[in-house]
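The next block is final.txt, given as compact mmCIF, C-alpha atoms.
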```txt
# COMPACT_ATOMS: atom_id res chain seq x y z
CA MET A 476 3.86 -6.89 -65.95
CA GLY A 477 3.94 -10.55 -65.16
CA GLU A 478 2.31 -12.25 -62.25
CA ILE A 479 1.33 -10.05 -59.39
CA GLU A 480 1.89 -11.79 -56.12
CA VAL A 481 -0.13 -10.41 -53.24
CA LYS A 482 0.82 -11.58 -49.81
CA VAL A 483 -1.04 -10.89 -46.61
CA ASP A 484 1.66 -12.07 -44.27
CA GLN A 485 3.95 -15.02 -44.12
CA ASN A 486 2.52 -16.05 -40.79
CA VAL A 487 -1.04 -16.20 -42.05
CA GLU A 488 -2.24 -19.44 -43.52
CA THR A 489 -3.16 -18.78 -47.12
CA ILE A 490 -3.87 -20.67 -50.27
CA ASN A 491 -2.00 -19.01 -53.08
CA GLY A 492 -2.73 -19.43 -56.75
CA GLN A 493 -2.20 -17.49 -59.91
CA GLY A 494 -3.52 -13.99 -59.26
CA PHE A 495 -5.40 -14.87 -56.09
CA GLN A 496 -4.81 -15.62 -52.48
CA LEU A 497 -7.27 -17.12 -50.06
CA THR A 498 -7.32 -16.93 -46.33
CA MET A 499 -9.89 -17.02 -43.59
CA LEU A 500 -11.64 -13.88 -42.49
CA ASP A 501 -10.79 -14.78 -38.87
CA LYS A 502 -7.11 -14.79 -39.65
CA ALA A 503 -7.11 -11.62 -41.72
CA ILE A 504 -8.99 -9.75 -39.01
CA GLY A 505 -6.83 -11.32 -36.31
CA LEU A 506 -3.76 -10.06 -38.11
CA ALA A 507 -5.15 -6.56 -38.39
CA ARG A 508 -6.16 -6.53 -34.75
CA ALA A 509 -2.85 -7.91 -33.50
CA ASN A 510 -0.91 -5.15 -35.20
CA SER A 511 -3.05 -2.35 -33.87
CA VAL A 512 -3.60 -3.23 -30.23
CA TRP A 513 -4.20 -0.04 -28.31
CA PRO A 514 -3.10 -0.38 -24.71
CA LEU A 515 -4.67 1.32 -21.73
CA PRO A 516 -2.04 1.64 -19.01
CA PHE A 517 -3.41 1.31 -15.48
CA ALA A 518 -0.19 2.03 -13.63
CA THR A 519 -0.12 2.55 -9.88
CA SER A 520 3.46 2.02 -8.72
CA CYS A 521 6.98 0.85 -9.64
CA CYS A 522 5.68 -1.47 -12.37
CA GLY A 523 4.30 1.69 -13.93
CA ILE A 524 7.83 3.06 -14.14
CA GLU A 525 9.01 -0.08 -15.94
CA PHE A 526 6.00 0.25 -18.19
CA MET A 527 7.02 3.82 -19.01
CA ALA A 528 10.50 2.56 -19.91
CA THR A 529 8.91 -0.03 -22.18
CA MET A 530 6.81 2.66 -23.77
CA GLY A 531 9.76 5.01 -24.21
CA SER A 532 12.25 5.13 -27.06
CA ASN A 533 14.77 2.60 -25.67
CA TYR A 534 12.38 -0.33 -25.74
CA ASP A 535 9.79 1.29 -27.97
CA LEU A 536 6.50 -0.50 -27.54
CA SER A 537 5.20 1.31 -30.62
CA ARG A 538 7.17 -1.16 -32.77
CA PHE A 539 4.30 -3.53 -32.07
CA GLY A 540 1.55 -1.31 -33.39
CA MET A 541 1.07 0.34 -30.01
CA GLU A 542 1.99 3.84 -31.01
CA ARG A 543 -0.88 5.40 -29.20
CA MET A 544 -1.65 4.83 -25.54
CA SER A 545 -5.36 5.02 -25.13
CA PHE A 546 -6.19 6.78 -21.91
CA SER A 547 -9.85 6.32 -22.61
CA PRO A 548 -11.11 2.79 -21.97
CA ARG A 549 -13.64 3.15 -24.79
CA GLN A 550 -11.03 2.99 -27.52
CA ALA A 551 -8.62 0.60 -25.79
CA ASP A 552 -8.09 -3.07 -26.63
CA LEU A 553 -5.53 -4.08 -24.03
CA LEU A 554 -5.63 -3.23 -20.34
CA ILE A 555 -2.15 -3.29 -18.78
CA VAL A 556 -2.51 -3.32 -15.01
CA ALA A 557 0.88 -2.41 -13.57
CA GLY A 558 1.15 -2.14 -9.84
CA THR A 559 -0.52 -2.76 -6.51
CA ILE A 560 -4.31 -2.56 -6.58
CA SER A 561 -5.82 -1.78 -3.21
CA LYS A 562 -9.24 -3.12 -2.37
CA LYS A 563 -10.62 0.38 -2.54
CA LEU A 564 -9.36 0.67 -6.11
CA ALA A 565 -10.77 -2.70 -7.21
CA PRO A 566 -14.25 -1.38 -8.15
CA VAL A 567 -12.59 1.39 -10.17
CA LEU A 568 -10.48 -1.14 -12.07
CA LYS A 569 -13.55 -3.25 -12.71
CA LYS A 570 -15.44 -0.23 -14.01
CA VAL A 571 -12.56 0.62 -16.37
CA TYR A 572 -12.59 -2.97 -17.64
CA GLU A 573 -16.33 -2.88 -18.16
CA GLN A 574 -16.07 0.35 -20.11
CA MET A 575 -13.68 -1.19 -22.62
CA SER A 576 -15.45 -2.51 -25.68
CA GLU A 577 -15.06 -6.08 -26.92
CA PRO A 578 -12.76 -7.60 -27.92
CA LYS A 579 -10.49 -6.79 -25.00
CA TRP A 580 -7.45 -8.35 -23.38
CA VAL A 581 -5.74 -7.90 -20.03
CA ILE A 582 -2.11 -8.12 -18.90
CA ALA A 583 -1.41 -8.37 -15.16
CA MET A 584 2.05 -6.88 -14.91
CA GLY A 585 4.17 -7.71 -11.87
CA ALA A 586 3.71 -9.69 -8.68
CA CYS A 587 1.24 -7.24 -7.11
CA ALA A 588 -1.21 -7.19 -9.99
CA SER A 589 -0.89 -10.96 -10.36
CA SER A 590 -1.19 -12.04 -6.73
CA GLY A 591 -0.89 -9.12 -4.34
CA GLY A 592 2.86 -9.68 -4.18
CA ILE A 593 4.52 -8.89 -0.90
CA PHE A 594 1.47 -6.91 0.17
CA ASP A 595 -0.32 -9.70 1.96
CA THR A 596 -2.37 -7.25 3.97
CA TYR A 597 -5.95 -6.30 4.70
CA SER A 598 -6.02 -3.36 2.31
CA VAL A 599 -4.58 -4.93 -0.85
CA LEU A 600 -6.39 -6.95 -3.49
CA GLN A 601 -4.70 -10.36 -3.75
CA GLY A 602 -4.42 -10.30 -7.53
CA ILE A 603 -6.58 -8.51 -10.09
CA ASP A 604 -8.04 -11.84 -11.20
CA ARG A 605 -10.28 -11.47 -8.15
CA VAL A 606 -12.25 -8.84 -10.08
CA ILE A 607 -11.46 -9.13 -13.80
CA PRO A 608 -10.31 -11.94 -16.11
CA VAL A 609 -6.61 -11.87 -17.02
CA ASP A 610 -5.06 -13.14 -20.27
CA VAL A 611 -1.34 -12.91 -19.56
CA TYR A 612 0.48 -12.67 -16.22
CA VAL A 613 3.95 -11.15 -16.06
CA PRO A 614 6.02 -12.24 -13.05
CA GLY A 615 8.64 -9.98 -11.52
CA CYS A 616 8.93 -7.25 -8.95
CA PRO A 617 8.98 -5.23 -11.09
CA PRO A 618 9.36 -7.11 -14.39
CA ARG A 619 11.94 -5.85 -16.86
CA PRO A 620 10.70 -4.22 -20.07
CA GLU A 621 11.77 -7.35 -22.02
CA GLN A 622 9.29 -9.36 -19.96
CA LEU A 623 6.49 -6.95 -20.73
CA ILE A 624 7.37 -7.07 -24.44
CA ASP A 625 7.24 -10.86 -24.22
CA ALA A 626 3.79 -10.59 -22.66
CA VAL A 627 2.68 -8.28 -25.45
CA ILE A 628 3.91 -10.80 -28.05
CA LYS A 629 1.89 -13.46 -26.24
CA ILE A 630 -1.15 -11.18 -26.37
CA HIS A 631 -0.54 -10.76 -30.11
CA ASP A 632 -0.61 -14.57 -30.44
CA LEU A 633 -3.91 -14.69 -28.60
CA VAL A 634 -5.34 -11.91 -30.73
CA LYS A 635 -4.20 -13.50 -34.01
CA HIS A 636 -5.69 -16.87 -33.23
CA GLU A 637 -8.89 -15.83 -31.56
CA SER A 638 -12.06 -16.94 -33.27
CA LEU A 639 -14.37 -14.10 -34.23
CA ARG A 640 -17.20 -15.91 -32.51
CA ARG A 641 -15.41 -16.43 -29.21
CA ARG A 642 -16.81 -13.32 -27.54
CA ASN A 643 -20.34 -14.47 -28.34
CA SER A 644 -19.80 -17.97 -27.06
CA SER A 645 -21.65 -19.21 -24.01
CA GLU A 646 -18.34 -20.24 -22.42
CA TYR A 647 -17.12 -16.67 -22.60
CA LYS A 648 -20.35 -15.33 -21.13
CA GLU A 649 -20.21 -17.92 -18.37
CA MET A 650 -16.63 -16.88 -17.62
CA LEU A 651 -17.64 -13.23 -17.36
CA LYS A 652 -20.55 -14.20 -15.15
CA THR A 653 -18.10 -15.67 -12.60
CA PHE A 654 -16.70 -12.14 -12.28
CA ASN A 655 -20.20 -10.62 -12.05
CA ILE A 656 -19.64 -8.78 -15.31
CA ASP A 657 -22.53 -8.42 -17.73
CA ALA A 658 -21.39 -9.64 -21.16
CA ASN A 659 -23.70 -7.22 -22.97
CA ASP A 660 -22.07 -4.14 -21.56
CA MET B 1051 13.14 20.60 23.56
CA THR B 1052 15.82 22.99 22.40
CA ASN B 1053 15.38 26.75 22.30
CA SER B 1054 11.96 26.53 23.87
CA LYS B 1055 10.77 29.47 25.89
CA LEU B 1056 8.85 27.09 28.12
CA THR B 1057 10.08 24.23 30.27
CA ASN B 1058 8.30 20.93 30.86
CA GLU B 1059 8.14 21.69 34.58
CA ASP B 1060 6.54 25.14 34.05
CA VAL B 1061 3.86 23.83 31.75
CA PHE B 1062 3.15 20.86 34.00
CA ALA B 1063 2.83 23.16 37.03
CA LYS B 1064 0.42 25.45 35.17
CA LEU B 1065 -1.72 22.51 34.11
CA LYS B 1066 -1.70 21.17 37.64
CA ASP B 1067 -2.78 24.59 38.99
CA THR B 1068 -5.73 24.76 36.64
CA PHE B 1069 -6.91 21.16 36.40
CA ALA B 1070 -5.56 19.75 39.68
CA GLU B 1071 -6.11 16.01 40.07
CA LYS B 1072 -7.27 15.58 36.48
CA ILE B 1073 -3.67 15.83 35.32
CA GLY B 1074 -1.73 12.57 35.47
CA GLU B 1075 1.85 12.07 36.57
CA PHE B 1076 4.73 14.03 35.15
CA SER B 1077 6.76 12.18 32.55
CA ALA B 1078 9.01 13.37 29.77
CA PRO B 1079 10.46 10.55 27.65
CA TYR B 1080 12.97 11.98 25.17
CA ASN B 1081 12.25 15.31 26.86
CA LEU B 1082 8.71 15.34 25.43
CA LEU B 1083 6.23 16.28 28.15
CA THR B 1084 3.69 13.45 28.25
CA ILE B 1085 0.61 13.59 30.41
CA GLU B 1086 -2.31 11.24 30.88
CA VAL B 1087 -5.65 13.00 31.04
CA PRO B 1088 -9.19 11.68 31.61
CA ALA B 1089 -11.02 11.14 28.32
CA ALA B 1090 -13.89 13.32 29.55
CA ASP B 1091 -11.56 16.28 30.12
CA ALA B 1092 -9.27 15.99 27.10
CA HIS B 1093 -11.36 18.48 25.15
CA SER B 1094 -11.32 21.19 27.80
CA ILE B 1095 -7.59 20.75 28.51
CA ILE B 1096 -6.69 21.02 24.81
CA ASP B 1097 -8.92 24.08 24.54
CA TRP B 1098 -7.28 25.66 27.59
CA LEU B 1099 -3.75 24.94 26.27
CA LYS B 1100 -4.64 26.78 23.08
CA LYS B 1101 -6.24 29.79 24.74
CA GLU B 1102 -3.88 30.28 27.68
CA ALA B 1103 -1.90 33.38 26.73
CA THR B 1104 1.32 32.35 28.47
CA LEU B 1105 1.41 28.97 26.70
CA GLN B 1106 -0.20 29.36 23.27
CA ILE B 1107 0.09 25.64 22.55
CA ASN B 1108 -2.03 26.13 19.48
CA TYR B 1109 -1.01 23.76 16.70
CA LEU B 1110 -2.23 20.17 16.50
CA THR B 1111 0.67 18.15 15.06
CA VAL B 1112 -0.93 14.74 15.08
CA LEU B 1113 -3.79 12.81 16.56
CA GLY B 1114 -3.90 9.02 16.68
CA ALA B 1115 -4.53 5.98 18.80
CA VAL B 1116 -2.74 2.95 20.23
CA HIS B 1117 -4.29 -0.39 21.10
CA TYR B 1118 -3.20 -2.14 24.31
CA PRO B 1119 -5.43 -5.24 24.34
CA GLU B 1120 -4.12 -6.59 27.69
CA ASP B 1121 -4.87 -3.35 29.55
CA LYS B 1122 -8.51 -4.15 30.38
CA GLY B 1123 -10.94 -1.26 30.60
CA ARG B 1124 -8.48 1.16 28.99
CA GLU B 1125 -7.50 -0.66 25.84
CA LEU B 1126 -7.36 2.35 23.55
CA ALA B 1127 -5.10 5.35 24.06
CA VAL B 1128 -6.05 8.42 22.06
CA VAL B 1129 -2.87 10.44 21.68
CA TYR B 1130 -2.66 14.15 20.92
CA HIS B 1131 0.59 15.87 19.96
CA ILE B 1132 0.23 19.62 20.25
CA HIS B 1133 2.84 22.22 19.47
CA SER B 1134 3.27 25.87 20.40
CA LEU B 1135 4.55 27.61 17.30
CA VAL B 1136 5.20 30.77 19.33
CA ASN B 1137 7.14 29.15 22.17
CA ASN B 1138 8.52 26.16 20.25
CA PHE B 1139 7.14 23.76 22.80
CA ARG B 1140 5.63 20.33 22.30
CA ILE B 1141 3.30 18.36 24.56
CA ARG B 1142 1.74 14.92 24.29
CA LEU B 1143 -1.60 14.10 25.88
CA LYS B 1144 -2.91 10.56 26.29
CA ALA B 1145 -6.53 9.75 27.01
CA TYR B 1146 -7.43 6.11 27.67
CA ILE B 1147 -10.81 4.68 26.74
CA SER B 1148 -12.35 1.21 26.72
CA THR B 1149 -13.10 -0.81 23.59
CA ASN B 1150 -16.56 -1.51 25.04
CA ASN B 1151 -17.41 2.17 24.79
CA PRO B 1152 -14.74 3.79 22.63
CA THR B 1153 -16.07 7.34 22.68
CA ILE B 1154 -14.33 10.65 23.25
CA ALA B 1155 -15.29 14.24 22.44
CA THR B 1156 -14.19 15.58 19.08
CA ILE B 1157 -11.74 18.46 19.00
CA THR B 1158 -12.76 19.59 15.51
CA ASP B 1159 -14.36 22.63 17.13
CA ILE B 1160 -10.92 23.63 18.43
CA TYR B 1161 -8.77 22.46 15.51
CA ALA B 1162 -10.41 22.11 12.09
CA GLY B 1163 -7.38 20.05 11.09
CA ALA B 1164 -8.46 17.34 13.49
CA ASN B 1165 -11.28 16.40 11.14
CA TRP B 1166 -9.40 13.95 8.92
CA MET B 1167 -7.14 12.74 11.74
CA GLU B 1168 -10.19 11.74 13.76
CA ARG B 1169 -11.69 10.05 10.72
CA GLU B 1170 -8.46 8.09 10.28
CA THR B 1171 -8.39 7.13 13.95
CA PHE B 1172 -12.00 5.99 13.66
CA ASP B 1173 -11.17 4.08 10.48
CA PHE B 1174 -8.30 2.10 11.99
CA PHE B 1175 -9.19 1.84 15.70
CA GLY B 1176 -12.93 2.43 15.87
CA VAL B 1177 -12.66 5.41 18.22
CA LYS B 1178 -15.95 7.30 18.04
CA PHE B 1179 -15.45 11.04 18.28
CA ASN B 1180 -18.67 12.56 19.62
CA GLY B 1181 -19.67 15.68 17.74
CA HIS B 1182 -17.51 15.00 14.68
CA PRO B 1183 -19.26 16.46 11.60
CA ASN B 1184 -18.62 13.48 9.30
CA LEU B 1185 -17.26 10.43 11.09
CA VAL B 1186 -16.90 7.93 8.21
CA ARG B 1187 -13.99 5.86 6.96
CA ILE B 1188 -11.36 7.87 5.17
CA LEU B 1189 -8.70 5.44 3.86
CA ASN B 1190 -10.16 1.95 3.90
CA GLU B 1191 -12.99 0.76 1.69
CA ASP B 1192 -16.42 1.70 3.00
CA SER B 1193 -17.57 -1.92 3.09
CA MET B 1194 -14.88 -2.91 5.61
CA ASP B 1195 -16.60 -4.23 8.74
CA TYR B 1196 -13.75 -4.15 11.27
CA PHE B 1197 -10.97 -1.88 12.50
CA PRO B 1198 -7.73 -3.28 11.08
CA MET B 1199 -5.26 -1.75 13.54
CA ARG B 1200 -6.90 -3.43 16.51
CA LYS B 1201 -4.69 -6.31 17.46
CA GLU B 1202 -7.37 -8.99 17.52
CA PHE B 1203 -7.54 -8.78 13.72
CA GLN B 1204 -4.83 -10.37 11.62
CA LEU B 1205 -2.77 -8.09 9.46
CA GLU B 1206 -2.83 -10.48 6.50
CA ASP B 1207 -5.58 -10.55 3.97
CA ALA B 1208 -8.18 -13.06 5.11
CA THR B 1209 -9.10 -14.06 1.55
CA ARG B 1210 -5.64 -15.12 0.40
CA GLU B 1211 -5.43 -18.66 -0.95
CA ASP B 1212 -2.10 -19.12 -2.65
CA LYS B 1213 0.31 -17.98 0.03
CA ASP B 1214 2.05 -20.48 2.27
CA ASP B 1215 2.86 -19.05 5.69
CA ARG B 1216 6.13 -21.00 5.79
CA TYR B 1217 7.54 -18.88 2.99
CA PHE B 1218 6.56 -15.64 4.67
CA GLY B 1219 8.28 -16.28 8.01
CA ARG B 1220 5.06 -16.88 9.94
```
Write-out of the structure in structure tokens:
Amino acid sequence: MGEIEVKVDQNVETINGQGFQLTMLDKAIGLARANSVWPLPFATSCCGIEFMATMGSNYDLSRFGMERMSFSPRQADLLIVAGTISKKLAPVLKKVYEQMSEPKWVIAMGACASSGGIFDTYSVLQGIDRVIPVDVYVPGCPPRPEQLIDAVIKIHDLVKHESLRRRNSSEYKEMLKTFNIDAND
Amino acid sequence: MTNSKLTNEDVFAKLKDTFAEKIGEFSAPYNLLTIEVPAADAHSIIDWLKKEATLQINYLTVLGAVHYPEDKGRELAVVYHIHSLVNNFRIRLKAYISTNNPTIATITDIYAGANWMERETFDFFGVKFNGHPNLVRILNEDSMDYFPMRKEFQLEDATREDKDDRYFGR
């Protein structure tokens, strides 16, 4: 047995020496989190069908550590809102978001979730960012699975590079306050 | 009205015999007998149509409303489509009411199925059905403070910020 080289990941900044490797806890945890993001699909219409295609074997979202869809918000890390959200559904969506535990991320998939889309009408919420904060928007009506995969990769980037202290920061709490969400929930 | 055992003229004549001047003029667009009735008598006429043995017009197909804002004093038309399953005959009744006092008697005591239809009509047009067991909004959010199908309210979402009318053909 000669030297044993242990590598965390090529993408993680490390200091390598003989028999040891240093990295930052933030980055090691970020890496672990990014490769085990559990999505909670909140699918209401045609975007939901595209999401199902993404989830299925042709596009295979589980390649990205998303093997298990979490249909309970308690265990989910990533909320994927796919479809038109009516105003009556908005409080439900907000409740689901609040029930997710930190850290949590949100994808607004498609024109409707992002801005209300073509449904510029009295009964439709003009974008889910009226009630919850959104990390990545996916344009399209509906977006193709490749676009959703791209969004997931972007979420992975966010997850990898997020500071462990971010969720405790006053900026983050202030941001949640603008949505009337209690940060301690 | 194909294969119906009743004719528009027969039914209209029977209604006229029973309710006399309360029955409006005969009209049958697309061969669908359509009669205007006073809002105060809509309930009793619908009840009679159901119970009259020779007619048996006993199935409420749909109940809704129409808003005619320029028709002062009778802005809202409450429309009843009733069907005789036995005689394969359809009839449409229209009762006009004012937006100042948009009330009409409920027909939930005649047709239990009218319950949700009346709630929907209340939700979108603000028609108050007297005697309805639970007249609250059914489709729209409870906090909504107007009746969106009335024409004085814009169809578009009032809170939108990022949409330019020019790109939406308005």
*Contacts of segment 1186-1193 of chain B at 6 Å or less, counting all atoms listed in the file, minus same-chain residues fewer than 6 places along, as an MDAnalysis selection string?*
(chainID A and resid 563) or (chainID B and resid 1169:1170 1173)
_Ranking B:Arg1210, B:Lys1072, B:Lys1201, B:Lys1144 by minimum distance to Arg605 of chain A and counting all atoms listed in the file, which one comes first?_
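Counting all atoms listed in the file, the residue closest to Arg605 of chain A is B:Arg1210.
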*Please, which residues of chain A lie no more than 7 Å from chain B when the count uses all atoms listed in the file, and can they be set out as a ChimeraX atom specification?*
/A:562-563,595-598,601
*What is the distance between atom CA of Ala1063 of chain B and atom CA of His1093 of chain B, in Å to one decimal?*
19.1 Å
_Residues near Met1167 of chain B, cut-off 8 Å, only C-alpha atoms, skip fewer than 6 positions along chain, as a PyMOL selection string_ = chain B and resi 1112-1114
*Have a look at B:Asn1137, B:Thr1057, B:Thr1084, B:Ser1094 and name the one nearest to Ile1160 of chain B; count only C-alpha atoms.*
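Among B:Asn1137, B:Thr1057, B:Thr1084, B:Ser1094, it is B:Ser1094 that comes nearest to Ile1160 of chain B.
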_Can you measure atom CA of Phe495 of chain A to atom CA of Glu637 of chain A for me? One decimal in Å is fine._
24.8 Å
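The interatomic distance for the pair atom CA of Ile524 of chain A and atom CA of Pro578 of chain A works out to 27.0 Å.
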*Leaving out Glu542 of chain A and any residue of its chain fewer than 2 positions from it, which residues lie within 12 Å of it when counting only C-alpha atoms, given as a ChimeraX atom specification?*
/A:510-515,529-532,535-540,544-545
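The nearest approach to Leu1110 of chain B among the residues B:Ile1141, B:Ile1085, B:Ala1127, B:Val1177, with only C-alpha atoms taken into account, belongs to B:Ile1141.
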Near-Phe1069 of chain B list (10 Å; all atoms listed in the file; drop same-chain fewer than 4 positions) as a PDB file with C-alpha atoms, in the coordinates of the input:
```
ATOM      1  CA  ALA B1063       2.830  23.160  37.030  1.00  0.00           C
ATOM      2  CA  LYS B1064       0.420  25.450  35.170  1.00  0.00           C
ATOM      3  CA  LEU B1065      -1.720  22.510  34.110  1.00  0.00           C
ATOM      4  CA  ILE B1073      -3.670  15.830  35.320  1.00  0.00           C
ATOM      5  CA  VAL B1087      -5.650  13.000  31.040  1.00  0.00           C
ATOM      6  CA  ASP B1091     -11.560  16.280  30.120  1.00  0.00           C
ATOM      7  CA  SER B1094     -11.320  21.190  27.800  1.00  0.00           C
ATOM      8  CA  ILE B1095      -7.590  20.750  28.510  1.00  0.00           C
ATOM      9  CA  TRP B1098      -7.280  25.660  27.590  1.00  0.00           C
TER      10      TRP B1098
END
```
_Residue contacts of segment 611-617 of chain A (10 Å, all atoms listed in the file) excluding same-chain residues fewer than 3 positions away, as number ranges by chain_ = A: 520-526, 555-558, 580-590, 592-593, 604, 608, 620, 622-627, 629-630, 633
